[in-house]
Amino acid sequence: MSYPFDPELAAAVELLPKLDLTDLQGARDALTKLRAELPAPDPTGVTVTEVLIAGPAGAPEIPLRIYRPDVPSGPVGVFDVHGGGFILGDLDMVHASNLTLAREVGAVVVSVDYRLAPEDPYPAGLEDCYAGLVWFAEHAEEYGVDPDRIAIHGISAGGGLAAGLALLARDRGGPAIAFQYLGVPEVDDRLGTPSMTAYTDTPLWNQPNAVLSWAAYLGAGVPGTADVPVYAAPARATDLSGLPPAYVSAMEFDPLRDEGIAYALGLQAAGVQVELHMFPGTFHGSSLVEHAAISQLERSEEITVLRRGLRL
């Protein structure tokens with residue numbers, strides 16, 4: 001199918017990686033190879049360290065990567081959850097973007113290397129994220145951060161995990177979350193929205209990939225059934241009250257578009273302050289085309305809304 005993408009994005013579509021999620025290890029290896037071929041990110045102005053923290057009971061330790069800006073904008077932090085459809089990704093996947101976040105927001109950024117499905121299905125990844133957030137809040141002052149001024153940040157499946165994390169923290173009486181940045185969030189396992197059913201061949205992410213993603217995360221035969229918890233698929237939540245203020249982005253030709261929009265409207269209906277922006281002519285992951293003006297707008301807006309959400 002042909003799509004009226006933004007011209008700068010359309011010119012680069014054929015250059016983007018094509019991942020076959022039916023060969024999961026091959027897809028993971030391809031991402032690793034792609035990163036190795038890219039220029040090393042600029043670490044200027046940021047000190048990077050790593051720690052291992054205790055995982056949930058009976059689970060392995062969790063690696064965290066911590067980014068400390070040399071010139072902080074205030075006593076603020078960002079807890080980052082990488083994307084990858086619950087089945088791909090690691091700390092290196094978001095290393096370059098987290099360097100930029102730390103430098104341009106002026107916040108301490110903590111990135112969590114959560115367990116991936118299908119080897120470790122729900123709730124493993126989410127519980128790792130929760131443990132990481134609790135650790136950050138408990139150690140915030142050591143890093144010059146006010147524990148009441150930590151935002152959570154995630155894109156794609158990372159956005160879905162961040163949304164689930166906000167629900168979990170609310171219901172467990174867990175760490176305070178000042179703001180939630182939900183970039184193109186993957187939040188609905190039912191796969192029935194108009195954008196999900198329509199976009200079966202869009203670049204980088206499409207309906208067949210979403211089917212594989214949810215089956216790996218929840219288990220074969222589970223997605224779409226009545227037994228899926230709201231923490232796994234936040235679109236199922238009927239009570240969104242009491243959640244932190246949020247920003248939700250959506251891309252025009254993205255199968256996740258409609259579930260993200262619906263989640264933002266649900267937050268608004270529940271009395272949560274929310275900002276929603278759909279970027280025209282875009283597709284899932286189109287920000288990889290960094291030179292495109294629409295991608296630069298998306299990135300600059302990310303920095304702006306995080307600074308505003310953290311009261312900087």
# chains A, B, ... in the order shown; residues from 1 in each chain; ligands from 1
call {"tool": "closest_atom_pairs", "arguments": {"of": "region 95-207 of chain A", "to": "region 36-47 of chain A", "cutoff": "8 Å", "atoms": "only C-alpha atoms", "output": "tab-separated table"}}
result
residue	atom	partner	partner_atom	distance
A:His95	CA	A:Pro41	CA	7.8
A:Ala96	CA	A:Pro41	CA	5.3
A:Leu99	CA	A:Pro43	CA	6.3
A:Ala102	CA	A:Val46	CA	6.9
A:Arg103	CA	A:Gly45	CA	6.4
call {"tool": "write_last_selection", "arguments": {"atoms": "C-alpha atoms", "output": "CSV table (one decimal), in the first residue's frame"}}
result
chain,number,residue,atom,x,y,z
A,95,HIS,CA,22.2,5.4,24.8
A,96,ALA,CA,22.5,8.2,22.3
A,99,LEU,CA,22.8,11.4,26.4
A,102,ALA,CA,20.4,14.4,30.1
A,103,ARG,CA,22.3,17.2,28.3
call {"tool": "residues_around", "arguments": {"residues": "region 156-159 of chain A", "least_positions_apart": "5", "cutoff": "7 Å", "atoms": "only C-alpha atoms", "output": "PyMOL selection string"}}
result
chain A and resi 81-86+182-186
call {"tool": "residues_around", "arguments": {"residues": "region 270-276 of chain A", "least_positions_apart": "2", "cutoff": "8 Å", "atoms": "only C-alpha atoms", "output": "MDAnalysis selection string"}}
result
chainID A and resid 239:250 261 264 266:268 278
call {"tool": "select_by_dssp", "arguments": {"residues": "region 2-196 of chain A", "states": "alpha helix (DSSP H)", "output": "short mmCIF file (atom, residue, chain, number, x, y, z; two decimals) with N, CA, C and O atoms, in the first residue's frame"}}
result
data_model
loop_
_atom_site.label_atom_id
_atom_site.label_comp_id
_atom_site.auth_asym_id
_atom_site.auth_seq_id
_atom_site.Cartn_x
_atom_site.Cartn_y
_atom_site.Cartn_z
N PRO A 7 7.43 14.21 2.59
CA PRO A 7 8.41 13.96 1.52
C PRO A 7 9.81 13.62 2.02
O PRO A 7 10.49 12.74 1.46
N GLU A 8 10.28 14.28 3.06
CA GLU A 8 11.62 13.98 3.57
C GLU A 8 11.69 12.58 4.15
O GLU A 8 12.71 11.89 4.05
N LEU A 9 10.59 12.12 4.76
CA LEU A 9 10.55 10.77 5.30
C LEU A 9 10.43 9.74 4.19
O LEU A 9 11.09 8.70 4.21
N ALA A 10 9.59 10.03 3.22
CA ALA A 10 9.36 9.08 2.12
C ALA A 10 10.66 8.77 1.38
O ALA A 10 10.90 7.63 0.97
N LEU A 24 13.31 -13.92 15.75
CA LEU A 24 13.57 -12.95 16.80
C LEU A 24 15.06 -12.76 17.05
O LEU A 24 15.54 -11.63 17.17
N GLN A 25 15.82 -13.83 17.12
CA GLN A 25 17.25 -13.68 17.36
C GLN A 25 17.92 -12.97 16.20
O GLN A 25 18.82 -12.14 16.39
N GLY A 26 17.47 -13.26 14.99
CA GLY A 26 17.99 -12.56 13.83
C GLY A 26 17.70 -11.07 13.90
O GLY A 26 18.55 -10.24 13.54
N ALA A 27 16.49 -10.71 14.36
CA ALA A 27 16.13 -9.30 14.50
C ALA A 27 17.00 -8.63 15.56
O ALA A 27 17.47 -7.49 15.38
N ARG A 28 17.23 -9.32 16.67
CA ARG A 28 18.08 -8.76 17.72
C ARG A 28 19.50 -8.56 17.21
O ARG A 28 20.14 -7.53 17.46
N ASP A 29 20.01 -9.55 16.49
CA ASP A 29 21.37 -9.45 15.94
C ASP A 29 21.47 -8.31 14.93
O ASP A 29 22.49 -7.61 14.87
N ALA A 30 20.41 -8.12 14.14
CA ALA A 30 20.42 -7.06 13.15
C ALA A 30 20.47 -5.68 13.81
O ALA A 30 21.17 -4.77 13.33
N LEU A 31 19.75 -5.52 14.92
CA LEU A 31 19.79 -4.25 15.64
C LEU A 31 21.18 -4.00 16.21
O LEU A 31 21.69 -2.88 16.16
N THR A 32 21.80 -5.03 16.76
CA THR A 32 23.15 -4.89 17.29
C THR A 32 24.13 -4.50 16.19
O THR A 32 24.98 -3.62 16.38
N LYS A 33 24.01 -5.14 15.04
CA LYS A 33 24.89 -4.83 13.91
C LYS A 33 24.67 -3.39 13.43
O LYS A 33 25.64 -2.68 13.14
N LEU A 34 23.41 -2.97 13.39
CA LEU A 34 23.12 -1.62 12.94
C LEU A 34 23.75 -0.59 13.87
O LEU A 34 24.36 0.38 13.41
N ARG A 35 23.63 -0.81 15.17
CA ARG A 35 24.23 0.13 16.12
C ARG A 35 25.74 0.20 15.96
O ARG A 35 26.34 1.27 16.10
N ALA A 36 26.35 -0.95 15.70
CA ALA A 36 27.81 -0.98 15.56
C ALA A 36 28.27 -0.18 14.34
O ALA A 36 29.42 0.29 14.30
N GLU A 37 27.40 -0.02 13.37
CA GLU A 37 27.75 0.70 12.15
C GLU A 37 27.52 2.20 12.26
O GLU A 37 27.97 2.97 11.40
N HIS A 95 21.07 4.69 24.21
CA HIS A 95 22.21 5.40 24.79
C HIS A 95 22.35 6.80 24.21
O HIS A 95 22.48 7.79 24.96
N ALA A 96 22.31 6.91 22.90
CA ALA A 96 22.50 8.22 22.28
C ALA A 96 21.38 9.18 22.67
O ALA A 96 21.62 10.35 23.00
N SER A 97 20.14 8.71 22.65
CA SER A 97 19.02 9.59 22.98
C SER A 97 19.04 9.99 24.45
O SER A 97 18.66 11.11 24.80
N ASN A 98 19.52 9.10 25.33
CA ASN A 98 19.57 9.46 26.74
C ASN A 98 20.69 10.45 27.04
O ASN A 98 20.57 11.28 27.95
N LEU A 99 21.78 10.38 26.30
CA LEU A 99 22.81 11.42 26.42
C LEU A 99 22.21 12.78 26.08
O LEU A 99 22.46 13.77 26.78
N THR A 100 21.43 12.81 25.02
CA THR A 100 20.80 14.06 24.60
C THR A 100 19.79 14.54 25.64
O THR A 100 19.74 15.73 25.98
N LEU A 101 18.98 13.60 26.17
CA LEU A 101 18.00 13.97 27.20
C LEU A 101 18.69 14.59 28.40
O LEU A 101 18.28 15.64 28.91
N ALA A 102 19.73 13.92 28.89
CA ALA A 102 20.42 14.42 30.08
C ALA A 102 21.01 15.81 29.82
O ALA A 102 20.89 16.72 30.67
N ARG A 103 21.60 15.98 28.66
CA ARG A 103 22.27 17.24 28.34
C ARG A 103 21.26 18.37 28.11
O ARG A 103 21.42 19.48 28.61
N GLU A 104 20.20 18.11 27.33
CA GLU A 104 19.30 19.18 26.91
C GLU A 104 18.18 19.44 27.92
O GLU A 104 17.71 20.58 28.03
N VAL A 105 17.73 18.41 28.62
CA VAL A 105 16.76 18.65 29.69
C VAL A 105 17.49 19.14 30.94
O VAL A 105 16.94 19.90 31.74
N ALA A 124 7.35 -9.75 34.07
CA ALA A 124 8.78 -9.61 34.38
C ALA A 124 9.32 -8.23 34.02
O ALA A 124 9.95 -7.56 34.85
N GLY A 125 9.10 -7.79 32.78
CA GLY A 125 9.65 -6.51 32.35
C GLY A 125 9.11 -5.35 33.16
O GLY A 125 9.85 -4.45 33.56
N LEU A 126 7.80 -5.35 33.40
CA LEU A 126 7.19 -4.27 34.17
C LEU A 126 7.68 -4.26 35.61
O LEU A 126 7.95 -3.20 36.17
N GLU A 127 7.82 -5.42 36.21
CA GLU A 127 8.31 -5.48 37.59
C GLU A 127 9.76 -5.00 37.67
O GLU A 127 10.15 -4.36 38.66
N ASP A 128 10.56 -5.29 36.65
CA ASP A 128 11.93 -4.75 36.62
C ASP A 128 11.90 -3.23 36.56
O ASP A 128 12.69 -2.55 37.24
N CYS A 129 11.00 -2.70 35.73
CA CYS A 129 10.87 -1.24 35.63
C CYS A 129 10.46 -0.64 36.97
O CYS A 129 10.99 0.40 37.40
N TYR A 130 9.53 -1.29 37.65
CA TYR A 130 9.07 -0.78 38.94
C TYR A 130 10.21 -0.80 39.96
O TYR A 130 10.41 0.18 40.70
N ALA A 131 10.97 -1.89 39.97
CA ALA A 131 12.11 -1.97 40.89
C ALA A 131 13.12 -0.87 40.60
O ALA A 131 13.70 -0.26 41.52
N GLY A 132 13.34 -0.59 39.31
CA GLY A 132 14.27 0.48 38.93
C GLY A 132 13.78 1.84 39.36
O GLY A 132 14.57 2.68 39.84
N LEU A 133 12.48 2.09 39.20
CA LEU A 133 11.91 3.37 39.62
C LEU A 133 12.00 3.54 41.13
O LEU A 133 12.35 4.63 41.63
N VAL A 134 11.70 2.48 41.87
CA VAL A 134 11.81 2.54 43.34
C VAL A 134 13.26 2.85 43.74
O VAL A 134 13.50 3.70 44.61
N TRP A 135 14.20 2.19 43.09
CA TRP A 135 15.62 2.44 43.41
C TRP A 135 15.97 3.90 43.14
O TRP A 135 16.65 4.54 43.97
N PHE A 136 15.55 4.43 42.01
CA PHE A 136 15.86 5.81 41.66
C PHE A 136 15.29 6.77 42.71
O PHE A 136 15.97 7.69 43.19
N ALA A 137 14.03 6.54 43.08
CA ALA A 137 13.41 7.42 44.08
C ALA A 137 14.15 7.34 45.42
O ALA A 137 14.37 8.37 46.08
N GLU A 138 14.55 6.13 45.80
CA GLU A 138 15.24 5.96 47.09
C GLU A 138 16.65 6.56 47.09
O GLU A 138 17.16 6.95 48.13
N HIS A 139 17.28 6.61 45.93
CA HIS A 139 18.66 7.12 45.82
C HIS A 139 18.71 8.50 45.16
O HIS A 139 19.81 8.99 44.86
N ALA A 157 6.82 0.41 22.90
CA ALA A 157 6.58 -0.48 24.04
C ALA A 157 7.07 0.15 25.33
O ALA A 157 6.50 -0.09 26.41
N GLY A 158 8.12 0.97 25.24
CA GLY A 158 8.56 1.71 26.42
C GLY A 158 7.50 2.66 26.93
O GLY A 158 7.35 2.85 28.15
N GLY A 159 6.73 3.25 26.02
CA GLY A 159 5.62 4.10 26.42
C GLY A 159 4.51 3.29 27.07
O GLY A 159 3.88 3.73 28.04
N GLY A 160 4.27 2.08 26.55
CA GLY A 160 3.28 1.21 27.17
C GLY A 160 3.70 0.77 28.55
O GLY A 160 2.88 0.74 29.49
N LEU A 161 4.97 0.42 28.71
CA LEU A 161 5.48 0.04 30.02
C LEU A 161 5.45 1.23 30.98
O LEU A 161 5.14 1.07 32.17
N ALA A 162 5.75 2.42 30.48
CA ALA A 162 5.70 3.61 31.34
C ALA A 162 4.26 3.88 31.80
O ALA A 162 4.03 4.23 32.96
N ALA A 163 3.30 3.71 30.89
CA ALA A 163 1.90 3.89 31.28
C ALA A 163 1.50 2.86 32.33
O ALA A 163 0.82 3.18 33.32
N GLY A 164 1.91 1.61 32.14
CA GLY A 164 1.64 0.58 33.14
C GLY A 164 2.33 0.87 34.46
O GLY A 164 1.79 0.61 35.54
N LEU A 165 3.53 1.43 34.37
CA LEU A 165 4.30 1.77 35.56
C LEU A 165 3.59 2.85 36.37
O LEU A 165 3.56 2.80 37.61
N ALA A 166 3.00 3.84 35.69
CA ALA A 166 2.26 4.89 36.39
C ALA A 166 1.05 4.30 37.12
O ALA A 166 0.76 4.67 38.26
N LEU A 167 0.33 3.38 36.47
CA LEU A 167 -0.80 2.72 37.12
C LEU A 167 -0.33 1.91 38.33
O LEU A 167 -0.96 1.93 39.40
N LEU A 168 0.77 1.18 38.16
CA LEU A 168 1.28 0.33 39.23
C LEU A 168 1.73 1.17 40.42
O LEU A 168 1.43 0.84 41.58
N ALA A 169 2.44 2.26 40.16
CA ALA A 169 2.90 3.12 41.24
C ALA A 169 1.71 3.74 41.98
O ALA A 169 1.72 3.85 43.21
N ARG A 170 0.69 4.15 41.24
CA ARG A 170 -0.52 4.70 41.89
C ARG A 170 -1.16 3.67 42.81
O ARG A 170 -1.49 3.95 43.96
N ASP A 171 -1.34 2.46 42.30
CA ASP A 171 -2.09 1.45 43.04
C ASP A 171 -1.30 0.82 44.17
O ASP A 171 -1.88 0.30 45.13
N ARG A 172 0.02 0.83 44.08
CA ARG A 172 0.86 0.29 45.16
C ARG A 172 1.29 1.36 46.15
O ARG A 172 1.96 1.06 47.13
N PRO A 194 -9.04 1.18 14.22
CA PRO A 194 -8.95 1.37 12.76
C PRO A 194 -7.51 1.46 12.25
O PRO A 194 -7.18 0.86 11.22
N SER A 195 -6.63 2.16 12.97
CA SER A 195 -5.25 2.26 12.49
C SER A 195 -4.55 0.91 12.57
O SER A 195 -3.74 0.57 11.70
N MET A 196 -4.84 0.13 13.60
CA MET A 196 -4.19 -1.18 13.72
C MET A 196 -4.63 -2.12 12.60
O MET A 196 -3.81 -2.85 12.03
#
call {"tool": "residues_around", "arguments": {"residues": "Ile53 (chain A)", "least_positions_apart": "3", "cutoff": "7 Å", "atoms": "only C-alpha atoms", "output": "CSV table (one decimal) with all heavy atoms, in the first residue's frame"}}
result
chain,number,residue,atom,x,y,z
A,61,GLU,N,19.5,-9.7,39.0
A,61,GLU,CA,19.8,-8.3,39.2
A,61,GLU,C,19.5,-7.5,37.9
A,61,GLU,O,19.5,-8.1,36.8
A,61,GLU,CB,21.2,-8.1,39.6
A,61,GLU,CG,21.6,-8.5,41.0
A,61,GLU,CD,23.0,-8.3,41.3
A,61,GLU,OE1,23.9,-8.6,40.5
A,61,GLU,OE2,23.3,-7.7,42.4
A,62,ILE,N,19.2,-6.2,38.1
A,62,ILE,CA,18.7,-5.4,37.0
A,62,ILE,C,19.8,-4.3,36.7
A,62,ILE,O,20.2,-3.6,37.6
A,62,ILE,CB,17.4,-4.7,37.3
A,62,ILE,CG1,16.3,-5.7,37.7
A,62,ILE,CG2,17.0,-3.8,36.1
A,62,ILE,CD1,15.1,-5.0,38.4
A,63,PRO,N,20.3,-4.3,35.5
A,63,PRO,CA,21.3,-3.2,35.2
A,63,PRO,C,20.6,-1.9,34.9
A,63,PRO,O,19.5,-1.8,34.3
A,63,PRO,CB,21.9,-3.7,33.9
A,63,PRO,CG,21.5,-5.1,33.7
A,63,PRO,CD,20.2,-5.3,34.4
call {"tool": "atom_distance", "arguments": {"atom1": "CA of Thr22 (chain A)", "atom2": "CA of Ser286 (chain A)"}}
result
22.2 Å
call {"tool": "closest_atom_pairs", "arguments": {"of": "region 64-147 of chain A", "to": "region 216-221 of chain A", "cutoff": "8 Å", "atoms": "only C-alpha atoms", "output": "tab-separated table"}}
result
residue	atom	partner	partner_atom	distance
A:Phe86	CA	A:Tyr217	CA	6.2
A:Ile87	CA	A:Ala216	CA	7.3
A:Ala117	CA	A:Tyr217	CA	5.2
A:Pro118	CA	A:Ala216	CA	4.6
A:Asp120	CA	A:Tyr217	CA	7.9
A:Pro121	CA	A:Tyr217	CA	4.8
A:Tyr122	CA	A:Tyr217	CA	5.6
call {"tool": "closest_residue", "arguments": {"among": "A:Pro234, A:Pro280, A:Gly106, A:Pro255", "to": "Val211 (chain A)", "atoms": "only C-alpha atoms"}}
result
A:Pro255
call {"tool": "atom_distance", "arguments": {"atom1": "CA of Tyr181 (chain A)", "atom2": "CA of Val228 (chain A)"}}
result
23.4 Å
